[in-house]
>>> print(open('entry-v3.txt').read())   # compact mmCIF, C-alpha atoms and all ligand atoms
# COMPACT_ATOMS: atom_id res chain seq x y z
CA MET A 1 -8.95 24.25 -0.83
CA ASP A 2 -10.23 22.98 2.48
CA ASN A 3 -13.03 20.51 2.29
CA PHE A 4 -15.94 21.87 4.32
CA GLU A 5 -18.00 18.71 3.88
CA ALA A 6 -15.26 16.67 5.61
CA ILE A 7 -15.21 19.14 8.51
CA ARG A 8 -19.00 19.06 8.83
CA LYS A 9 -19.06 15.25 8.83
CA SER A 10 -16.39 15.11 11.52
CA VAL A 11 -18.37 17.51 13.75
CA VAL A 12 -21.61 15.56 13.31
CA ASN A 13 -19.81 12.28 14.05
CA ALA A 14 -18.14 13.66 17.20
CA ALA A 15 -21.41 15.12 18.49
CA ALA A 16 -23.23 11.83 17.95
CA ASN A 17 -20.63 9.34 19.18
CA SER A 18 -18.13 10.90 21.59
CA ARG A 19 -19.36 11.28 25.16
CA PHE A 20 -17.11 14.30 25.53
CA TYR A 21 -18.53 16.13 22.48
CA LYS A 22 -22.11 15.07 23.24
CA GLU A 23 -21.74 17.05 26.44
CA LEU A 24 -19.77 19.96 24.92
CA PHE A 25 -22.21 20.43 22.00
CA LYS A 26 -25.39 19.61 23.92
CA ASP A 27 -26.95 23.02 23.24
CA ILE A 28 -25.80 23.23 19.62
CA ASP A 29 -27.62 21.91 16.55
CA VAL A 30 -24.62 20.53 14.70
CA ASN A 31 -26.77 19.53 11.72
CA ALA A 32 -27.33 23.23 11.11
CA ILE A 33 -23.61 23.89 10.55
CA ASN A 34 -23.41 24.80 6.88
CA SER A 35 -20.51 27.21 6.56
CA PHE A 36 -17.06 27.98 7.94
CA GLU A 37 -18.72 30.85 9.76
CA ASP A 38 -21.07 28.43 11.58
CA PHE A 39 -18.13 26.13 12.31
CA ARG A 40 -16.13 28.98 13.88
CA LYS A 41 -18.86 29.49 16.46
CA LEU A 42 -18.21 26.03 17.93
CA PRO A 43 -16.42 26.07 21.28
CA PHE A 44 -12.75 25.09 21.41
CA SER A 45 -11.59 21.92 23.11
CA ASP A 46 -8.56 22.12 25.33
CA LYS A 47 -6.32 19.63 27.08
CA HIS A 48 -7.79 20.70 30.42
CA ASP A 49 -11.25 19.63 29.21
CA LEU A 50 -9.93 16.38 27.77
CA ARG A 51 -8.32 15.53 31.11
CA LYS A 52 -11.77 15.67 32.66
CA ALA A 53 -12.83 12.95 30.21
CA TYR A 54 -10.12 10.64 31.63
CA PRO A 55 -9.80 7.77 31.00
CA LEU A 56 -11.90 7.04 27.90
CA GLY A 57 -14.57 9.75 27.76
CA ILE A 58 -13.50 10.91 24.32
CA GLN A 59 -13.83 7.48 22.74
CA ALA A 60 -16.29 7.66 19.82
CA VAL A 61 -16.45 4.02 18.70
CA PRO A 62 -17.55 0.75 20.40
CA ASP A 63 -14.84 -0.98 22.47
CA GLU A 64 -14.35 -3.77 19.93
CA GLU A 65 -13.10 -1.24 17.37
CA VAL A 66 -10.32 0.13 19.57
CA VAL A 67 -6.98 -1.53 18.85
CA ARG A 68 -4.57 0.66 20.82
CA ILE A 69 -4.33 3.64 23.15
CA HIS A 70 -1.68 6.30 23.51
CA SER A 71 -1.32 8.87 26.20
CA SER A 72 0.04 12.38 26.41
CA SER A 73 3.03 12.74 28.71
CA GLY A 74 0.99 14.56 31.34
CA THR A 75 3.62 16.48 33.27
CA THR A 76 0.91 17.76 35.59
CA GLY A 77 -2.37 16.14 36.52
CA LYS A 78 -3.98 13.25 34.70
CA PRO A 79 -2.75 12.29 31.24
CA ILE A 80 -5.04 12.34 28.20
CA ILE A 81 -5.81 8.88 26.82
CA ILE A 82 -6.40 8.66 23.08
CA PRO A 83 -8.01 5.49 21.69
CA TYR A 84 -7.14 4.45 18.10
CA THR A 85 -9.06 2.20 15.70
CA ARG A 86 -7.31 0.01 13.12
CA GLN A 87 -8.11 2.69 10.53
CA ASP A 88 -6.60 5.44 12.76
CA VAL A 89 -3.39 3.45 13.17
CA ASP A 90 -3.24 2.92 9.42
CA ASP A 91 -4.03 6.56 8.61
CA TRP A 92 -1.26 7.68 10.93
CA ALA A 93 1.24 5.35 9.22
CA THR A 94 0.09 6.69 5.82
CA MET A 95 0.69 10.28 6.95
CA PHE A 96 4.06 9.35 8.42
CA ALA A 97 5.18 7.56 5.25
CA ARG A 98 4.15 10.70 3.35
CA CYS A 99 6.45 12.70 5.67
CA TYR A 100 9.38 10.42 4.89
CA GLU A 101 8.64 10.71 1.16
CA MET A 102 8.42 14.48 1.44
CA ALA A 103 11.93 14.39 2.96
CA GLY A 104 13.09 12.34 -0.02
CA LEU A 105 13.47 8.98 1.72
CA THR A 106 12.94 5.71 -0.14
CA ASN A 107 12.69 2.03 0.71
CA LEU A 108 16.48 1.82 0.49
CA ASP A 109 16.93 4.06 3.52
CA ARG A 110 17.89 2.76 6.97
CA ILE A 111 16.05 4.75 9.57
CA GLN A 112 17.48 4.83 13.11
CA ILE A 113 14.68 5.67 15.52
CA THR A 114 15.70 7.18 18.86
CA PRO A 115 12.39 8.53 20.25
CA GLY A 116 10.76 6.38 22.93
CA TYR A 117 8.27 3.58 22.44
CA GLY A 118 5.24 2.93 24.64
CA LEU A 119 2.36 5.08 25.79
CA TRP A 120 4.08 8.03 24.21
CA THR A 121 3.29 8.22 20.48
CA ALA A 122 6.72 9.05 19.17
CA GLY A 123 8.73 5.87 18.52
CA ILE A 124 5.92 3.71 17.22
CA GLY A 125 4.83 6.40 14.74
CA PHE A 126 8.33 6.69 13.28
CA GLN A 127 8.41 2.90 13.07
CA ALA A 128 4.98 2.39 11.42
CA GLY A 129 5.70 5.08 8.82
CA CYS A 130 9.06 3.48 8.05
CA GLU A 131 7.48 0.07 7.53
CA LYS A 132 4.74 1.59 5.36
CA LEU A 133 7.43 3.20 3.21
CA GLY A 134 9.28 -0.10 3.07
CA ALA A 135 12.51 1.26 4.51
CA MET A 136 14.55 -0.55 7.18
CA ALA A 137 13.73 0.53 10.72
CA VAL A 138 16.54 0.43 13.29
CA PRO A 139 14.35 0.78 16.39
CA VAL A 140 16.88 1.63 19.10
CA GLY A 141 14.60 3.83 21.18
CA PRO A 142 15.89 6.50 23.55
CA GLY A 143 19.25 6.75 25.26
CA ASN A 144 22.16 4.33 25.18
CA THR A 145 24.40 6.58 23.14
CA GLU A 146 27.14 3.92 22.88
CA LYS A 147 24.78 1.50 21.17
CA GLN A 148 23.30 4.25 18.97
CA LEU A 149 26.75 5.13 17.64
CA GLN A 150 27.78 1.52 17.21
CA LEU A 151 24.65 0.68 15.20
CA MET A 152 25.02 3.87 13.21
CA VAL A 153 28.49 2.71 12.15
CA ASP A 154 27.79 -1.02 11.74
CA LEU A 155 24.41 -0.77 10.01
CA GLN A 156 25.26 2.40 8.07
CA SER A 157 21.97 4.10 9.05
CA THR A 158 21.15 6.81 6.52
CA VAL A 159 18.52 8.65 8.58
CA ILE A 160 18.38 9.61 12.24
CA CYS A 161 15.03 10.37 13.94
CA ALA A 162 15.43 12.24 17.20
CA THR A 163 14.47 15.18 19.35
CA SER A 164 16.63 18.20 18.67
CA SER A 165 18.39 17.87 22.06
CA TYR A 166 19.31 14.28 21.42
CA ALA A 167 20.41 14.98 17.84
CA LEU A 168 22.69 17.67 19.27
CA LEU A 169 24.12 15.26 21.82
CA LEU A 170 24.75 12.66 19.12
CA SER A 171 26.36 15.21 16.83
CA GLU A 172 28.72 16.26 19.63
CA GLU A 173 29.63 12.62 20.29
CA VAL A 174 30.24 11.92 16.59
CA GLN A 175 32.49 14.95 16.47
CA LYS A 176 34.31 14.04 19.68
CA ARG A 177 35.00 10.48 18.52
CA ASP A 178 35.82 11.52 14.98
CA LEU A 179 33.22 9.14 13.57
CA ARG A 180 31.93 11.22 10.67
CA ASP A 181 33.83 9.29 8.00
CA ARG A 182 32.58 5.98 9.35
CA ILE A 183 28.85 6.78 9.37
CA ALA A 184 26.46 7.09 6.42
CA LEU A 185 23.89 9.58 7.76
CA LYS A 186 22.33 11.84 5.13
CA LYS A 187 19.19 13.14 6.77
CA GLY A 188 17.68 13.85 10.17
CA ILE A 189 13.97 13.87 11.00
CA ILE A 190 13.66 16.01 14.09
CA GLY A 191 10.50 16.21 16.13
CA SER A 192 8.72 16.79 19.42
CA GLU A 193 10.50 19.94 20.43
CA ARG A 194 10.68 23.50 19.32
CA TRP A 195 14.24 24.42 18.36
CA GLY A 196 16.09 27.42 17.11
CA SER A 197 18.00 27.99 13.89
CA MET A 198 21.32 28.00 15.70
CA MET A 199 20.83 24.54 17.09
CA ARG A 200 19.65 23.40 13.67
CA ASP A 201 22.74 24.81 11.97
CA ARG A 202 25.02 23.18 14.50
CA ILE A 203 23.49 19.72 14.17
CA ALA A 204 23.38 20.00 10.38
CA LYS A 205 26.98 21.14 10.20
CA GLU A 206 28.47 18.68 12.67
CA LEU A 207 26.64 15.66 11.28
CA GLU A 208 26.76 16.95 7.69
CA ILE A 209 23.10 16.08 7.17
CA GLU A 210 19.91 17.77 5.95
CA LEU A 211 17.34 18.29 8.68
CA PHE A 212 13.57 18.09 8.47
CA ASP A 213 11.14 19.33 11.12
CA ILE A 214 8.34 16.88 11.73
CA TYR A 215 5.19 18.09 13.45
CA GLY A 216 2.46 16.45 15.47
CA LEU A 217 1.00 15.90 18.91
CA THR A 218 -0.28 12.85 20.73
CA GLU A 219 -3.85 14.11 20.86
CA ILE A 220 -3.90 14.32 17.02
CA TYR A 221 -2.37 10.92 16.05
CA GLY A 222 1.20 11.87 17.10
CA PRO A 223 4.16 13.17 15.10
CA GLY A 224 3.69 12.91 11.34
CA ILE A 225 0.78 15.24 10.52
CA GLY A 226 3.25 17.60 8.84
CA ILE A 227 6.90 18.02 7.86
CA ASP A 228 9.06 20.48 6.01
CA CYS A 229 10.21 19.69 2.48
CA PRO A 230 13.54 20.05 0.66
CA ALA A 231 12.67 23.70 -0.10
CA HIS A 232 12.46 24.33 3.69
CA GLU A 233 9.93 27.14 3.32
CA GLY A 234 7.54 25.86 5.98
CA ILE A 235 5.90 22.72 7.33
CA HIS A 236 3.51 21.08 4.87
CA TYR A 237 0.51 19.51 6.59
CA TRP A 238 -1.90 16.86 5.38
CA ASN A 239 -5.13 18.76 4.93
CA ASP A 240 -6.99 15.65 3.84
CA PHE A 241 -6.63 14.44 7.46
CA VAL A 242 -6.54 17.63 9.53
CA TYR A 243 -8.01 21.12 9.28
CA PHE A 244 -5.88 23.97 10.70
CA GLU A 245 -7.00 27.35 12.04
CA ILE A 246 -4.85 30.05 13.65
CA ILE A 247 -6.44 31.99 16.49
CA ASP A 248 -5.54 34.86 18.75
CA PRO A 249 -4.69 32.92 21.95
CA THR A 250 -6.24 35.62 24.13
CA THR A 251 -9.50 36.41 22.33
CA GLY A 252 -10.06 33.13 20.44
CA GLU A 253 -10.71 35.06 17.24
CA VAL A 254 -9.70 33.30 14.00
CA LEU A 255 -6.79 35.15 12.36
CA PRO A 256 -6.17 35.63 8.65
CA ASP A 257 -3.55 33.46 6.92
CA GLY A 258 -0.06 34.83 7.48
CA GLU A 259 -0.66 36.13 11.01
CA ASP A 260 1.04 34.61 14.06
CA GLY A 261 -1.18 32.91 16.61
CA GLU A 262 -2.17 29.62 18.21
CA LEU A 263 -2.75 26.56 16.05
CA VAL A 264 -6.18 24.93 16.44
CA ILE A 265 -6.76 21.54 14.81
CA THR A 266 -9.88 19.63 13.75
CA THR A 267 -9.46 15.99 12.74
CA LEU A 268 -11.28 14.98 9.56
CA LYS A 269 -11.02 11.19 9.58
CA LYS A 270 -10.21 10.20 13.12
CA GLN A 271 -12.55 7.51 14.43
CA GLY A 272 -11.35 6.50 17.91
CA ALA A 273 -11.06 10.04 19.28
CA PRO A 274 -12.17 12.77 16.88
CA LEU A 275 -11.18 16.26 18.02
CA ILE A 276 -12.96 19.42 17.00
CA ARG A 277 -11.23 22.80 17.26
CA TYR A 278 -8.54 21.44 19.55
CA ARG A 279 -6.22 24.10 20.96
CA THR A 280 -2.63 22.93 20.51
CA HIS A 281 -1.07 25.91 22.36
CA ASP A 282 1.60 25.86 19.63
CA LEU A 283 2.36 29.24 18.11
CA THR A 284 2.80 29.51 14.36
CA ARG A 285 1.09 30.91 11.27
CA ILE A 286 -0.45 29.57 8.08
CA ILE A 287 1.84 30.46 5.18
CA PRO A 288 -0.40 32.17 2.63
CA HIS A 289 1.36 31.04 -0.54
CA LYS A 290 2.29 27.81 -2.30
CA CYS A 291 5.69 26.28 -1.64
CA SER A 292 8.29 26.50 -4.39
CA CYS A 293 8.63 22.69 -4.20
CA GLY A 294 5.32 22.48 -6.07
CA SER A 295 3.44 20.49 -3.42
CA GLU A 296 -0.28 21.26 -3.18
CA TYR A 297 -0.26 20.64 0.58
CA PRO A 298 -0.54 23.90 2.54
CA MET A 299 2.13 25.05 5.00
CA ILE A 300 2.51 26.46 8.48
CA GLY A 301 5.62 28.24 9.70
CA ARG A 302 7.99 26.67 12.19
CA ILE A 303 6.52 26.45 15.68
CA PHE A 304 8.07 29.46 17.44
CA GLY A 305 6.73 28.88 20.93
CA ARG A 306 3.92 27.63 23.14
CA THR A 307 1.28 29.80 24.67
CA ASP A 308 1.99 28.08 27.98
CA ASP A 309 5.81 28.50 27.69
CA MET A 310 5.34 32.19 27.55
CA ILE A 311 7.02 33.84 30.50
CA LYS A 312 6.07 37.24 31.71
CA VAL A 313 8.98 39.25 33.12
CA LYS A 314 8.65 42.91 34.05
CA GLY A 315 5.30 42.94 32.27
CA VAL A 316 6.75 41.74 28.95
CA ASN A 317 5.69 38.47 27.29
CA ILE A 318 8.74 36.45 26.30
CA TYR A 319 8.74 33.28 24.20
CA PRO A 320 11.68 30.86 24.17
CA GLY A 321 11.97 31.40 20.40
CA GLN A 322 12.80 35.04 21.03
CA ILE A 323 15.60 34.07 23.44
CA GLU A 324 17.06 31.74 20.82
CA ASN A 325 16.80 34.50 18.27
CA THR A 326 18.69 36.82 20.62
CA LEU A 327 21.48 34.29 21.08
CA SER A 328 21.80 33.74 17.34
CA ASN A 329 22.66 37.44 17.10
CA VAL A 330 25.62 37.11 19.50
CA SER A 331 28.84 35.51 18.31
CA GLY A 332 30.71 32.96 20.43
CA VAL A 333 27.68 31.54 22.29
CA SER A 334 25.90 28.22 21.69
CA SER A 335 22.16 27.71 21.26
CA GLU A 336 21.83 26.19 24.75
CA TYR A 337 20.60 28.42 27.53
CA GLN A 338 18.89 28.53 30.90
CA VAL A 339 16.64 31.22 32.26
CA ILE A 340 16.41 31.90 35.98
CA ILE A 341 13.74 34.28 37.17
CA GLU A 342 13.63 35.58 40.71
CA HIS A 343 11.73 38.27 42.49
CA LYS A 344 13.93 40.33 44.80
CA SER A 345 13.22 43.64 46.54
CA GLY A 346 10.00 44.11 44.59
CA LYS A 347 11.60 43.51 41.20
CA ASP A 348 11.72 40.67 38.67
CA ILE A 349 15.28 39.64 37.92
CA MET A 350 15.94 37.49 34.90
CA THR A 351 19.32 35.82 34.51
CA LEU A 352 20.22 34.19 31.22
CA LYS A 353 22.91 31.52 31.42
CA VAL A 354 24.64 30.95 28.10
CA GLU A 355 27.55 28.82 26.94
CA THR A 356 30.61 30.48 25.50
CA SER A 357 33.61 29.00 23.72
CA SER A 358 36.01 31.55 25.08
CA LEU A 359 35.76 32.30 28.81
CA ASP A 360 38.54 34.89 28.43
CA ASP A 361 36.06 37.13 26.60
CA LYS A 362 33.33 36.36 29.13
CA ASP A 363 32.71 39.96 30.21
CA LYS A 364 32.47 41.20 26.65
CA THR A 365 30.08 38.42 25.66
CA GLU A 366 27.87 39.04 28.70
CA ILE A 367 27.53 42.71 27.84
CA GLN A 368 26.73 41.80 24.25
CA VAL A 369 23.96 39.37 25.32
CA VAL A 370 22.44 41.94 27.70
CA ASP A 371 22.50 44.66 25.02
CA THR A 372 21.06 42.43 22.31
CA PHE A 373 18.30 41.23 24.62
CA LYS A 374 17.43 44.80 25.53
CA LYS A 375 17.37 45.78 21.87
CA LEU A 376 15.28 42.83 20.63
CA ILE A 377 12.97 42.10 23.56
CA GLY A 378 13.02 45.36 25.44
CA ILE A 379 13.99 44.49 29.00
CA LYS A 380 17.21 44.57 30.99
CA ILE A 381 18.45 41.19 32.13
CA LYS A 382 21.57 39.71 33.69
CA CYS A 383 23.79 37.34 31.76
CA GLU A 384 26.14 34.68 33.05
CA CYS A 385 28.54 32.86 30.74
CA VAL A 386 29.39 29.23 31.46
CA PRO A 387 31.83 26.94 29.61
CA MET A 388 30.70 25.35 26.33
CA GLY A 389 29.00 22.02 26.96
CA SER A 390 28.25 22.65 30.65
CA LEU A 391 24.48 23.18 30.37
CA PRO A 392 22.51 19.92 30.44
CA ARG A 393 21.57 18.13 27.20
CA SER A 394 18.77 15.75 27.84
CA GLU A 395 17.43 12.92 25.74
CA LYS A 396 13.90 14.22 26.17
CA LYS A 397 12.76 17.79 26.34
CA SER A 398 15.23 20.09 28.07
CA LYS A 399 13.91 22.20 30.91
CA ARG A 400 15.28 25.64 30.33
CA VAL A 401 13.20 28.01 32.41
CA PHE A 402 13.43 28.08 36.20
CA ASP A 403 10.95 30.50 37.68
CA TYR A 404 11.49 31.01 41.42
CA ARG A 405 8.99 33.80 41.83
CA GLU A 406 6.29 33.20 44.43
CA GLN A 407 2.96 33.19 42.71
ZN ZN A 501 7.53 22.43 -0.11
>>> encode(input="entry-v3.txt", output="structure tokens")
Amino acid sequence: MDNFEAIRKSVVNAAANSRFYKELFKDIDVNAINSFEDFRKLPFSDKHDLRKAYPLGIQAVPDEEVVRIHSSSGTTGKPIIIPYTRQDVDDWATMFARCYEMAGLTNLDRIQITPGYGLWTAGIGFQAGCEKLGAMAVPVGPGNTEKQLQLMVDLQSTVICATSSYALLLSEEVQKRDLRDRIALKKGIIGSERWGSMMRDRIAKELEIELFDIYGLTEIYGPGIGIDCPAHEGIHYWNDFVYFEIIDPTTGEVLPDGEDGELVITTLKKQGAPLIRYRTHDLTRIIPHKCSCGSEYPMIGRIFGRTDDMIKVKGVNIYPGQIENTLSNVSGVSSEYQVIIEHKSGKDIMTLKVETSSLDDKDKTEIQVVDTFKKLIGIKIKCECVPMGSLPRSEKKSKRVFDYREQ
């Protein structure tokens, strides 16, 4: 059961101490919030608003209590700076250690960490959680595949933490170099990117490991606020630290448990930068039943897209997750793809580039992709097959959609 008192306290604290929320709630009597219904009348906060508070407008504690900042990647415009207190840093490590435990790791594991360190929250979160658990961190950071593989063999790392793209790249290298018998990997903790079941199956099969989806975002601590468990029925989240709502991304209306929509998060204990009804733009749902693993922590479904990744072609909303789903219904293609959208002679033209293992059957495969797409998503596209392995794998997030339409 969600703890309303914790939510209320967090709202009152934000309104009193954060310059950003003082302004946002200036016409609202937050002390009169006594029910979930009252709470749901509060305005949302969004990354666009937080950018306006750059650099430290969302800080809610005196300077001497801030021990660290992190920053969202900020692909466009100013980044969002999030200040952390000592307690915030510790709470984050506690949540992260809980994630590792949920995935069955112990202090005997050797955890190879490939996400980046620095302003970005990824690497340091994986590291702090590992130390809290008492396991051995192998903090390699991003890139340098040669060294990653060498350490994986020499140190017998049992766990790999990576983005899905990088885990895929590593699995292909392990395969190529026939290293599987020389490494000791058992589990993968995969975060910071939405990924499809095909890619998951491939990584799991090639590396012969069990994969766990870790969830989080820089604005709310970082990765580690939720993870899936050995039952793999959904992502458990730590409702003693965060309160989740699912809303209709267009109307802002709160949706019942079980319905797909945008995840909105309220922090319950965050001191440095509390966030109230923060729109994540991640699309998922709250799973309305208990997990068979027996955990009391509630669950959300896998993130199936982002409201801002949605592309509109010929009047139809398309999410990357739907494209991946289409490809998983066609045999002989990989999970990698690129979308090119152009506007020619008054019409949107969408071309889907996919990798195929057999170029001899190229024409057949292309027809199959076009038909499946039409059947599942409802529009006619073009398909172009390219050789397996020829689409870029990046160490960070892969850019897959290229929209050349003039806006
Ligand atoms: Zn579970």
>>> closest_residue(input="entry-v3.txt", among="A:Tyr117, A:Gly188, A:Ala135, A:Phe39", to="Lys9 of chain A", atoms="all atoms listed in the file")
A:Phe39
>>> atom_distance(input="entry-v3.txt", atom1="atom CA of Asn31 of chain A", atom2="atom CA of Val12 of chain A")
6.7 Å
>>> closest_atom_pairs(input="entry-v3.txt", of="chain A", to="ligand ZN 501 (chain A)", cutoff="8 Å", atoms="only C-alpha atoms and all ligand atoms", output="JSON lines")
{"residue": "A:Asp228", "atom": "CA", "partner": "A:ZN501", "partner_atom": "ZN", "distance": 6.6}
{"residue": "A:Cys229", "atom": "CA", "partner": "A:ZN501", "partner_atom": "ZN", "distance": 4.6}
{"residue": "A:Pro230", "atom": "CA", "partner": "A:ZN501", "partner_atom": "ZN", "distance": 6.5}
{"residue": "A:Ala231", "atom": "CA", "partner": "A:ZN501", "partner_atom": "ZN", "distance": 5.3}
{"residue": "A:His232", "atom": "CA", "partner": "A:ZN501", "partner_atom": "ZN", "distance": 6.5}
{"residue": "A:Glu233", "atom": "CA", "partner": "A:ZN501", "partner_atom": "ZN", "distance": 6.3}
{"residue": "A:Gly234", "atom": "CA", "partner": "A:ZN501", "partner_atom": "ZN", "distance": 7.0}
{"residue": "A:Ile235", "atom": "CA", "partner": "A:ZN501", "partner_atom": "ZN", "distance": 7.6}
{"residue": "A:His236", "atom": "CA", "partner": "A:ZN501", "partner_atom": "ZN", "distance": 6.5}
{"residue": "A:Lys290", "atom": "CA", "partner": "A:ZN501", "partner_atom": "ZN", "distance": 7.8}
{"residue": "A:Cys291", "atom": "CA", "partner": "A:ZN501", "partner_atom": "ZN", "distance": 4.5}
{"residue": "A:Ser292", "atom": "CA", "partner": "A:ZN501", "partner_atom": "ZN", "distance": 6.0}
{"residue": "A:Cys293", "atom": "CA", "partner": "A:ZN501", "partner_atom": "ZN", "distance": 4.2}
{"residue": "A:Gly294", "atom": "CA", "partner": "A:ZN501", "partner_atom": "ZN", "distance": 6.4}
{"residue": "A:Ser295", "atom": "CA", "partner": "A:ZN501", "partner_atom": "ZN", "distance": 5.6}
{"residue": "A:Met299", "atom": "CA", "partner": "A:ZN501", "partner_atom": "ZN", "distance": 7.9}
>>> atom_distance(input="entry-v3.txt", atom1="atom CA of Gln127 of chain A", atom2="atom CA of Pro139 of chain A")
7.1 Å
>>> atom_distance(input="entry-v3.txt", atom1="atom CA of Ile286 of chain A", atom2="atom CA of Leu376 of chain A")
24.1 Å
>>> residues_around(input="entry-v3.txt", residues="segment 79-91 of chain A", least_positions_apart="4", cutoff="9 Å", atoms="all atoms listed in the file", output="JSON, numbers by chain")
{"A": [47, 50, 51, 52, 53, 54, 55, 56, 57, 58, 59, 60, 61, 65, 66, 67, 68, 69, 70, 71, 72, 73, 74, 75, 95, 96, 125, 128, 218, 219, 220, 221, 241, 269, 270, 271, 272, 273]}
>>> write_last_selection(input="entry-v3.txt", atoms="C-alpha atoms", output="mmCIF file, in the coordinates of the input")
data_model
loop_
_atom_site.group_PDB
_atom_site.id
_atom_site.type_symbol
_atom_site.label_atom_id
_atom_site.label_comp_id
_atom_site.auth_asym_id
_atom_site.auth_seq_id
_atom_site.Cartn_x
_atom_site.Cartn_y
_atom_site.Cartn_z
ATOM 1 C CA LYS A 47 -6.320 19.630 27.080
ATOM 2 C CA LEU A 50 -9.930 16.380 27.770
ATOM 3 C CA ARG A 51 -8.320 15.530 31.110
ATOM 4 C CA LYS A 52 -11.770 15.670 32.660
ATOM 5 C CA ALA A 53 -12.830 12.950 30.210
ATOM 6 C CA TYR A 54 -10.120 10.640 31.630
ATOM 7 C CA PRO A 55 -9.800 7.770 31.000
ATOM 8 C CA LEU A 56 -11.900 7.040 27.900
ATOM 9 C CA GLY A 57 -14.570 9.750 27.760
ATOM 10 C CA ILE A 58 -13.500 10.910 24.320
ATOM 11 C CA GLN A 59 -13.830 7.480 22.740
ATOM 12 C CA ALA A 60 -16.290 7.660 19.820
ATOM 13 C CA VAL A 61 -16.450 4.020 18.700
ATOM 14 C CA GLU A 65 -13.100 -1.240 17.370
ATOM 15 C CA VAL A 66 -10.320 0.130 19.570
ATOM 16 C CA VAL A 67 -6.980 -1.530 18.850
ATOM 17 C CA ARG A 68 -4.570 0.660 20.820
ATOM 18 C CA ILE A 69 -4.330 3.640 23.150
ATOM 19 C CA HIS A 70 -1.680 6.300 23.510
ATOM 20 C CA SER A 71 -1.320 8.870 26.200
ATOM 21 C CA SER A 72 0.040 12.380 26.410
ATOM 22 C CA SER A 73 3.030 12.740 28.710
ATOM 23 C CA GLY A 74 0.990 14.560 31.340
ATOM 24 C CA THR A 75 3.620 16.480 33.270
ATOM 25 C CA MET A 95 0.690 10.280 6.950
ATOM 26 C CA PHE A 96 4.060 9.350 8.420
ATOM 27 C CA GLY A 125 4.830 6.400 14.740
ATOM 28 C CA ALA A 128 4.980 2.390 11.420
ATOM 29 C CA THR A 218 -0.280 12.850 20.730
ATOM 30 C CA GLU A 219 -3.850 14.110 20.860
ATOM 31 C CA ILE A 220 -3.900 14.320 17.020
ATOM 32 C CA TYR A 221 -2.370 10.920 16.050
ATOM 33 C CA PHE A 241 -6.630 14.440 7.460
ATOM 34 C CA LYS A 269 -11.020 11.190 9.580
ATOM 35 C CA LYS A 270 -10.210 10.200 13.120
ATOM 36 C CA GLN A 271 -12.550 7.510 14.430
ATOM 37 C CA GLY A 272 -11.350 6.500 17.910
ATOM 38 C CA ALA A 273 -11.060 10.040 19.280
#
>>> closest_residue(input="entry-v3.txt", among="A:Asp309, A:Glu37, A:Glu259, A:Glu210", to="Thr158 of chain A", atoms="only C-alpha atoms")
A:Glu210
>>> build_atoms(input="entry-v3.txt", residues="segment 154-162 of chain A", atoms="N, CA, C and O atoms", output="CSV table (one decimal), in the frame of the given file")
chain,number,residue,atom,x,y,z
A,154,ASP,N,27.9,0.4,12.3
A,154,ASP,CA,27.8,-1.0,11.7
A,154,ASP,C,26.7,-1.2,10.7
A,154,ASP,O,26.9,-1.9,9.7
A,155,LEU,N,25.5,-0.6,10.9
A,155,LEU,CA,24.4,-0.8,10.0
A,155,LEU,C,24.4,0.3,8.9
A,155,LEU,O,23.5,0.3,8.1
A,156,GLN,N,25.2,1.3,9.1
A,156,GLN,CA,25.3,2.4,8.1
A,156,GLN,C,23.9,3.1,7.9
A,156,GLN,O,23.4,3.2,6.8
A,157,SER,N,23.3,3.4,9.1
A,157,SER,CA,22.0,4.1,9.0
A,157,SER,C,22.1,5.4,8.2
A,157,SER,O,23.1,6.1,8.3
A,158,THR,N,21.1,5.6,7.4
A,158,THR,CA,21.2,6.8,6.5
A,158,THR,C,20.3,8.0,7.1
A,158,THR,O,20.5,9.1,6.7
A,159,VAL,N,19.4,7.6,8.0
A,159,VAL,CA,18.5,8.6,8.6
A,159,VAL,C,18.5,8.5,10.1
A,159,VAL,O,18.4,7.4,10.6
A,160,ILE,N,18.5,9.6,10.8
A,160,ILE,CA,18.4,9.6,12.2
A,160,ILE,C,17.1,10.3,12.6
A,160,ILE,O,16.8,11.4,12.1
A,161,CYS,N,16.2,9.7,13.4
A,161,CYS,CA,15.0,10.4,13.9
A,161,CYS,C,15.3,10.6,15.4
A,161,CYS,O,15.6,9.7,16.2
A,162,ALA,N,15.1,11.9,15.8
A,162,ALA,CA,15.4,12.2,17.2
A,162,ALA,C,14.8,13.6,17.6
A,162,ALA,O,14.3,14.3,16.7
